[in-house]
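Read through the structure below, which is laid out as structure tokens, and then see the notes.
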Amino acid sequence: MTRLIQNNGRGNIMGETLLQVTNLTTRFHSRGNLIHAVNGVSFKIDKGETLGVVGESGCGKSVTMLSMLHLLPPAARVVAGTAFFHDKDLLKLNSREMQRIRGNHIGMIFQDPMTSFNPVLTIGDQVGESLIYHNISNRAGAEKRVIELFRMVGIPDPEARLKDYPHQFSGGMRQRAMIAMALACEPELVIADEPTTALDVTIQAQIVEVVKDLRDRLGIAIIWITHDLSLVAGLADRIMVMYAGNVIEEATTEDLFDQPTHPYTLGLLAALPAFQASKNSKRLSSIPGSPPDLRAEPTSCPFLPRCSYAINRCAIEMPLAHEIPGNGSTPHSVACFVNTQERITVQ
Amino acid sequence: MNTSPEPLIRVEHIKKYFPVKLGAYGDKKATVHAVDDVSFEIFQGETLSLVGESGCGKSTTGYTLLQLHRATAGVCFYKDVNLTELSDNQLRPYRQKIQIIFQDPYSTLNPRMTIGTAIAEPMMTHKIATKDNVAEKVVQLLKDVGLTERAVNRYPHEFSGGQRQRICIARALACNPEFLVCDEPISALDVSIQAQIINLLQDLQEKYNLTYLFIAHDLSVVRHISNRVGVMYLGKLAELGDKDLVFYNPLHPYTKALLSAVPQPNPHTEKTRKRQVLTGEIPSAINPPSGCHFHPRCPLATDLCKKTVPEWRKMEDGRFIACHAA
Ligand SMILES: Nc1ncnc2c1ncn2[C@@H]1O[C@H](COP(=O)(O)OP(=O)(O)O)[C@@H](O)[C@H]1O
Ligand SMILES: Nc1ncnc2c1ncn2[C@@H]1O[C@H](COP(=O)(O)OP(=O)(O)O)[C@@H](O)[C@H]1O
Ligand SMILES: [Mg+2]
Ligand SMILES: [Mg+2]
């Protein structure tokens, strides 16, 4: 309780690394095929920071997070990498240790809260259960705390809603309950995997406001996964763009929008109708082709078949992330051989 | 754009109510007011979009207009034909002129039918093609939607989501329609693919002088593709007018709130933008609020709004609005 009331204030706690993922590589075995879902992903997040993870479906956003949290389906295996949370490598923990971290230190919010709640238990019991499980409350204190959490995420009439079953909640309210559950143990990091994708924009706006408010008051770090660049524009401190299991560009939010550099990022931004509204052009610019087949061993740039900037080198070598000059407080890095701003090949 | 003043489609005071059973034993009867007195016109060659939160009646409006649902009240005209009066048999010749594309292209394609057969079938049913020329027409349609003739002998599962939507568009075009209802045609597609399909729909509109009723919840796509936009709330139209009027100078408090909720791809303005966040949730269409359906969530609501349904009236700038306060 006391931890929740502390006003950490954003900013002054940033700069201290909370999670550092290096070279994370995850593969699926599916019907005789090896699927290269995550191919050497590296990133970090500081205390109190909000990181937006953007990319179209199938690019490995969820699998990256599930790999760290030991929540992969049986067909998947982490084959390389480390994921240091403070000084512990999450990938080396046993299942008991991991269970303590999940919920206690890392909270999760998924796209479809219906599948995350047990349909035959009341929502109040389920949120309360995690408090008891992690020894945060005893049974008597749990209910009081759940009411407090419900109030915090804006569920009206919390005393009554406590006794409702998941199907009695609307989609937006279920998502709020899910946030309450993720916050129950006062985590340092919340991973939100497309939490508003299934909701209306009006409800999405409500949820975003709730999360922003809680983040600013509690100093929680957030990884917000989405396919919608506009959504993280107002929410994230930093954005990483993924394509085919790789991080292809990473920068502060402002830098990414002001100086998008990877051809895929350029394409994603240009395809946003809102981005073109000012240009009043009749046609939307689109990215030709479709996302790649992940069965092939990645030996060339995965974006090559759809790229209009490609040079010979892109077909023989995988471009690695390198830093480029930027205006942000953290580095701007991009995995591309071509400097699209000037069309000069990097050495 | 070739807009003549003669409307191609006219919808007057349509209502669509669904009887439903409630209660633990399904013993309580109730009525869903899915569409509750909606009127609009769609002109030849234009795109009219319907927007609004899910459940507000956009799809039901589209289906009722196409006579896939029969209206509870009101009339729908295609040119000067009153579709609501016609029997299913009498409707057949008009069905080919008014077509629909759905959100999920997979569920509307038969998984065991080749793409060639799926596109040929409606042409044969409506006697638009003969055995001799059907193959040629199928290939032409595939080309129109950006696919090659190699698709003919393949099955739906062999295609990506975007390609399947192209196939559905080809099939909808097979009977030379004049009017297409596009019900969330890009909602299930990846961002990079959405723009391809939007461009395709616009190219085809130009090529075949098509008229669209475009249903979507992505407001920035709607702003791009529409000539006029109608905003629905709980079975009723709140505001309808020129896209630029509705987007840049909205008058209805609901339109304002809806637009304010849309995130903009600009971190500099977005991080400090004060949004007008609508409180509360969409009320149930089973017991819609009295008077103006929006009054419980409206910042401008007065006693009048609680009691009296606002009239659907035309403003000086040509838009329509239903609001006591605006
Ligand atoms: N259950 C699974 N079986 C086989 N492959 C899978 C499974 N789940 C995910 N994948 C593969 O992993 C890739 C990345 O998936 P995911 O991380 O869920 O994408 P995202 O969250 O970015 O939409 C997918 O393109 C798919 O090929
Ligand atoms: N066949 C049906 N039976 C009962 N209720 C329906 C049926 N179809 C739609 N509805 C209800 O009508 C309302 C409007 O639905 P719909 O037209 O699908 O909304 P939208 O397309 O705007 O999301 C909703 O409350 C929905 O639950
Ligand atoms: Mg995912
Ligand atoms: Mg619908």
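Chain labels A, B, ... are given in the sequence in which chains occur in the structure tokens; within each chain residues are numbered consecutively from 1, and ligands are likewise numbered from 1 in the order shown.
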
Cut-off 10 Å: closest chain A/ligand 3 atom pairs per residue, using only C-alpha atoms and all ligand atoms, as JSON lines:
{"residue": "A:Gly55", "atom": "CA", "partner": "ligand 3", "partner_atom_place_in_ligand_line": "1 (Mg)", "distance": 9.4}
{"residue": "A:Glu56", "atom": "CA", "partner": "ligand 3", "partner_atom_place_in_ligand_line": "1 (Mg)", "distance": 8.8}
{"residue": "A:Ser57", "atom": "CA", "partner": "ligand 3", "partner_atom_place_in_ligand_line": "1 (Mg)", "distance": 6.3}
{"residue": "A:Gly58", "atom": "CA", "partner": "ligand 3", "partner_atom_place_in_ligand_line": "1 (Mg)", "distance": 6.8}
{"residue": "A:Cys59", "atom": "CA", "partner": "ligand 3", "partner_atom_place_in_ligand_line": "1 (Mg)", "distance": 8.2}
{"residue": "A:Gly60", "atom": "CA", "partner": "ligand 3", "partner_atom_place_in_ligand_line": "1 (Mg)", "distance": 7.1}
{"residue": "A:Lys61", "atom": "CA", "partner": "ligand 3", "partner_atom_place_in_ligand_line": "1 (Mg)", "distance": 5.6}
{"residue": "A:Ser62", "atom": "CA", "partner": "ligand 3", "partner_atom_place_in_ligand_line": "1 (Mg)", "distance": 4.2}
{"residue": "A:Val63", "atom": "CA", "partner": "ligand 3", "partner_atom_place_in_ligand_line": "1 (Mg)", "distance": 7.2}
{"residue": "A:Thr64", "atom": "CA", "partner": "ligand 3", "partner_atom_place_in_ligand_line": "1 (Mg)", "distance": 9.3}
{"residue": "A:Met65", "atom": "CA", "partner": "ligand 3", "partner_atom_place_in_ligand_line": "1 (Mg)", "distance": 9.3}
{"residue": "A:Leu66", "atom": "CA", "partner": "ligand 3", "partner_atom_place_in_ligand_line": "1 (Mg)", "distance": 9.7}
{"residue": "A:Phe110", "atom": "CA", "partner": "ligand 3", "partner_atom_place_in_ligand_line": "1 (Mg)", "distance": 9.0}
{"residue": "A:Gln111", "atom": "CA", "partner": "ligand 3", "partner_atom_place_in_ligand_line": "1 (Mg)", "distance": 8.4}
{"residue": "A:Asp193", "atom": "CA", "partner": "ligand 3", "partner_atom_place_in_ligand_line": "1 (Mg)", "distance": 6.6}
{"residue": "A:Glu194", "atom": "CA", "partner": "ligand 3", "partner_atom_place_in_ligand_line": "1 (Mg)", "distance": 7.1}
{"residue": "A:Ile225", "atom": "CA", "partner": "ligand 3", "partner_atom_place_in_ligand_line": "1 (Mg)", "distance": 7.8}
{"residue": "A:Thr226", "atom": "CA", "partner": "ligand 3", "partner_atom_place_in_ligand_line": "1 (Mg)", "distance": 8.2}
{"residue": "A:His227", "atom": "CA", "partner": "ligand 3", "partner_atom_place_in_ligand_line": "1 (Mg)", "distance": 9.0}

Take the residues just selected and output them with N, CA, C and O atoms as a PDB file, in the first residue's frame.
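Output contents, as saved in out_23.pdb:
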ATOM      1  N   GLY A  55       4.922  -2.820 -34.654  1.00  0.00           N
ATOM      2  CA  GLY A  55       5.197  -3.652 -35.818  1.00  0.00           C
ATOM      3  C   GLY A  55       3.938  -4.401 -36.184  1.00  0.00           C
ATOM      4  O   GLY A  55       3.058  -4.575 -35.338  1.00  0.00           O
ATOM      5  N   GLU A  56       3.850  -4.871 -37.435  1.00  0.00           N
ATOM      6  CA  GLU A  56       2.594  -5.515 -37.818  1.00  0.00           C
ATOM      7  C   GLU A  56       2.504  -6.929 -37.272  1.00  0.00           C
ATOM      8  O   GLU A  56       3.482  -7.453 -36.735  1.00  0.00           O
ATOM      9  N   SER A  57       1.346  -7.539 -37.395  1.00  0.00           N
ATOM     10  CA  SER A  57       1.137  -8.800 -36.693  1.00  0.00           C
ATOM     11  C   SER A  57       2.078  -9.870 -37.233  1.00  0.00           C
ATOM     12  O   SER A  57       2.369  -9.915 -38.422  1.00  0.00           O
ATOM     13  N   GLY A  58       2.587 -10.689 -36.327  1.00  0.00           N
ATOM     14  CA  GLY A  58       3.496 -11.746 -36.707  1.00  0.00           C
ATOM     15  C   GLY A  58       4.959 -11.344 -36.674  1.00  0.00           C
ATOM     16  O   GLY A  58       5.835 -12.152 -36.994  1.00  0.00           O
ATOM     17  N   CYS A  59       5.272 -10.109 -36.291  1.00  0.00           N
ATOM     18  CA  CYS A  59       6.668  -9.670 -36.340  1.00  0.00           C
ATOM     19  C   CYS A  59       7.433 -10.049 -35.071  1.00  0.00           C
ATOM     20  O   CYS A  59       8.630  -9.779 -34.973  1.00  0.00           O
ATOM     21  N   GLY A  60       6.776 -10.664 -34.104  1.00  0.00           N
ATOM     22  CA  GLY A  60       7.504 -11.190 -32.957  1.00  0.00           C
ATOM     23  C   GLY A  60       7.375 -10.377 -31.677  1.00  0.00           C
ATOM     24  O   GLY A  60       8.104 -10.624 -30.711  1.00  0.00           O
ATOM     25  N   LYS A  61       6.446  -9.442 -31.629  1.00  0.00           N
ATOM     26  CA  LYS A  61       6.293  -8.601 -30.442  1.00  0.00           C
ATOM     27  C   LYS A  61       5.895  -9.456 -29.233  1.00  0.00           C
ATOM     28  O   LYS A  61       6.549  -9.405 -28.187  1.00  0.00           O
ATOM     29  N   SER A  62       4.831 -10.229 -29.391  1.00  0.00           N
ATOM     30  CA  SER A  62       4.361 -11.032 -28.258  1.00  0.00           C
ATOM     31  C   SER A  62       5.365 -12.106 -27.876  1.00  0.00           C
ATOM     32  O   SER A  62       5.643 -12.324 -26.693  1.00  0.00           O
ATOM     33  N   VAL A  63       5.902 -12.797 -28.873  1.00  0.00           N
ATOM     34  CA  VAL A  63       6.825 -13.893 -28.573  1.00  0.00           C
ATOM     35  C   VAL A  63       8.052 -13.381 -27.818  1.00  0.00           C
ATOM     36  O   VAL A  63       8.568 -14.038 -26.919  1.00  0.00           O
ATOM     37  N   THR A  64       8.517 -12.170 -28.147  1.00  0.00           N
ATOM     38  CA  THR A  64       9.637 -11.577 -27.412  1.00  0.00           C
ATOM     39  C   THR A  64       9.310 -11.495 -25.917  1.00  0.00           C
ATOM     40  O   THR A  64      10.101 -11.921 -25.068  1.00  0.00           O
ATOM     41  N   MET A  65       8.120 -10.979 -25.600  1.00  0.00           N
ATOM     42  CA  MET A  65       7.748 -10.806 -24.194  1.00  0.00           C
ATOM     43  C   MET A  65       7.480 -12.152 -23.527  1.00  0.00           C
ATOM     44  O   MET A  65       7.903 -12.395 -22.399  1.00  0.00           O
ATOM     45  N   LEU A  66       6.769 -13.035 -24.245  1.00  0.00           N
ATOM     46  CA  LEU A  66       6.456 -14.347 -23.668  1.00  0.00           C
ATOM     47  C   LEU A  66       7.734 -15.144 -23.393  1.00  0.00           C
ATOM     48  O   LEU A  66       7.805 -15.909 -22.430  1.00  0.00           O
ATOM     49  N   PHE A 110      -3.117  -8.243 -21.277  1.00  0.00           N
ATOM     50  CA  PHE A 110      -3.195  -8.787 -22.627  1.00  0.00           C
ATOM     51  C   PHE A 110      -4.365  -8.197 -23.394  1.00  0.00           C
ATOM     52  O   PHE A 110      -5.239  -7.547 -22.830  1.00  0.00           O
ATOM     53  N   GLN A 111      -4.359  -8.475 -24.700  1.00  0.00           N
ATOM     54  CA  GLN A 111      -5.388  -7.915 -25.570  1.00  0.00           C
ATOM     55  C   GLN A 111      -6.777  -8.364 -25.159  1.00  0.00           C
ATOM     56  O   GLN A 111      -7.703  -7.574 -25.105  1.00  0.00           O
ATOM     57  N   ASP A 193       0.257  -5.916 -23.802  1.00  0.00           N
ATOM     58  CA  ASP A 193       0.319  -6.444 -25.164  1.00  0.00           C
ATOM     59  C   ASP A 193      -0.978  -6.126 -25.907  1.00  0.00           C
ATOM     60  O   ASP A 193      -1.976  -6.813 -25.752  1.00  0.00           O
ATOM     61  N   GLU A 194      -0.965  -5.080 -26.712  1.00  0.00           N
ATOM     62  CA  GLU A 194      -2.130  -4.618 -27.477  1.00  0.00           C
ATOM     63  C   GLU A 194      -3.377  -4.540 -26.609  1.00  0.00           C
ATOM     64  O   GLU A 194      -4.435  -5.051 -26.981  1.00  0.00           O
ATOM     65  N   ILE A 225       2.843  -2.671 -26.282  1.00  0.00           N
ATOM     66  CA  ILE A 225       2.933  -3.260 -27.616  1.00  0.00           C
ATOM     67  C   ILE A 225       1.717  -2.859 -28.433  1.00  0.00           C
ATOM     68  O   ILE A 225       0.592  -2.925 -27.938  1.00  0.00           O
ATOM     69  N   THR A 226       1.937  -2.448 -29.663  1.00  0.00           N
ATOM     70  CA  THR A 226       0.812  -2.044 -30.508  1.00  0.00           C
ATOM     71  C   THR A 226       1.208  -2.111 -31.976  1.00  0.00           C
ATOM     72  O   THR A 226       2.383  -2.154 -32.313  1.00  0.00           O
ATOM     73  N   HIS A 227       0.210  -2.155 -32.856  1.00  0.00           N
ATOM     74  CA  HIS A 227       0.531  -2.023 -34.276  1.00  0.00           C
ATOM     75  C   HIS A 227       0.256  -0.594 -34.728  1.00  0.00           C
ATOM     76  O   HIS A 227       0.399  -0.262 -35.891  1.00  0.00           O
TER      77      HIS A 227
END

Which residues are near ligand 4 - at most 9 Å, using only C-alpha atoms and all ligand atoms? Format: as a ChimeraX atom specification. /B:54-60,62,103,183-184,215-217

Between atom CA of A:Leu90 and atom CA of A:Arg174, what distance in Å does the model show, to one decimal?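 Between atom CA of A:Leu90 and atom CA of A:Arg174 the gap works out to 28.9 Å.
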
Up to 6 Å from chain A, what residues of chain B turn up? Count only C-alpha atoms and give them as JSON, numbers by chain. {"B": [53, 190, 192, 195, 196, 199, 220, 221, 261, 263, 264, 265, 266, 267, 270, 271]}
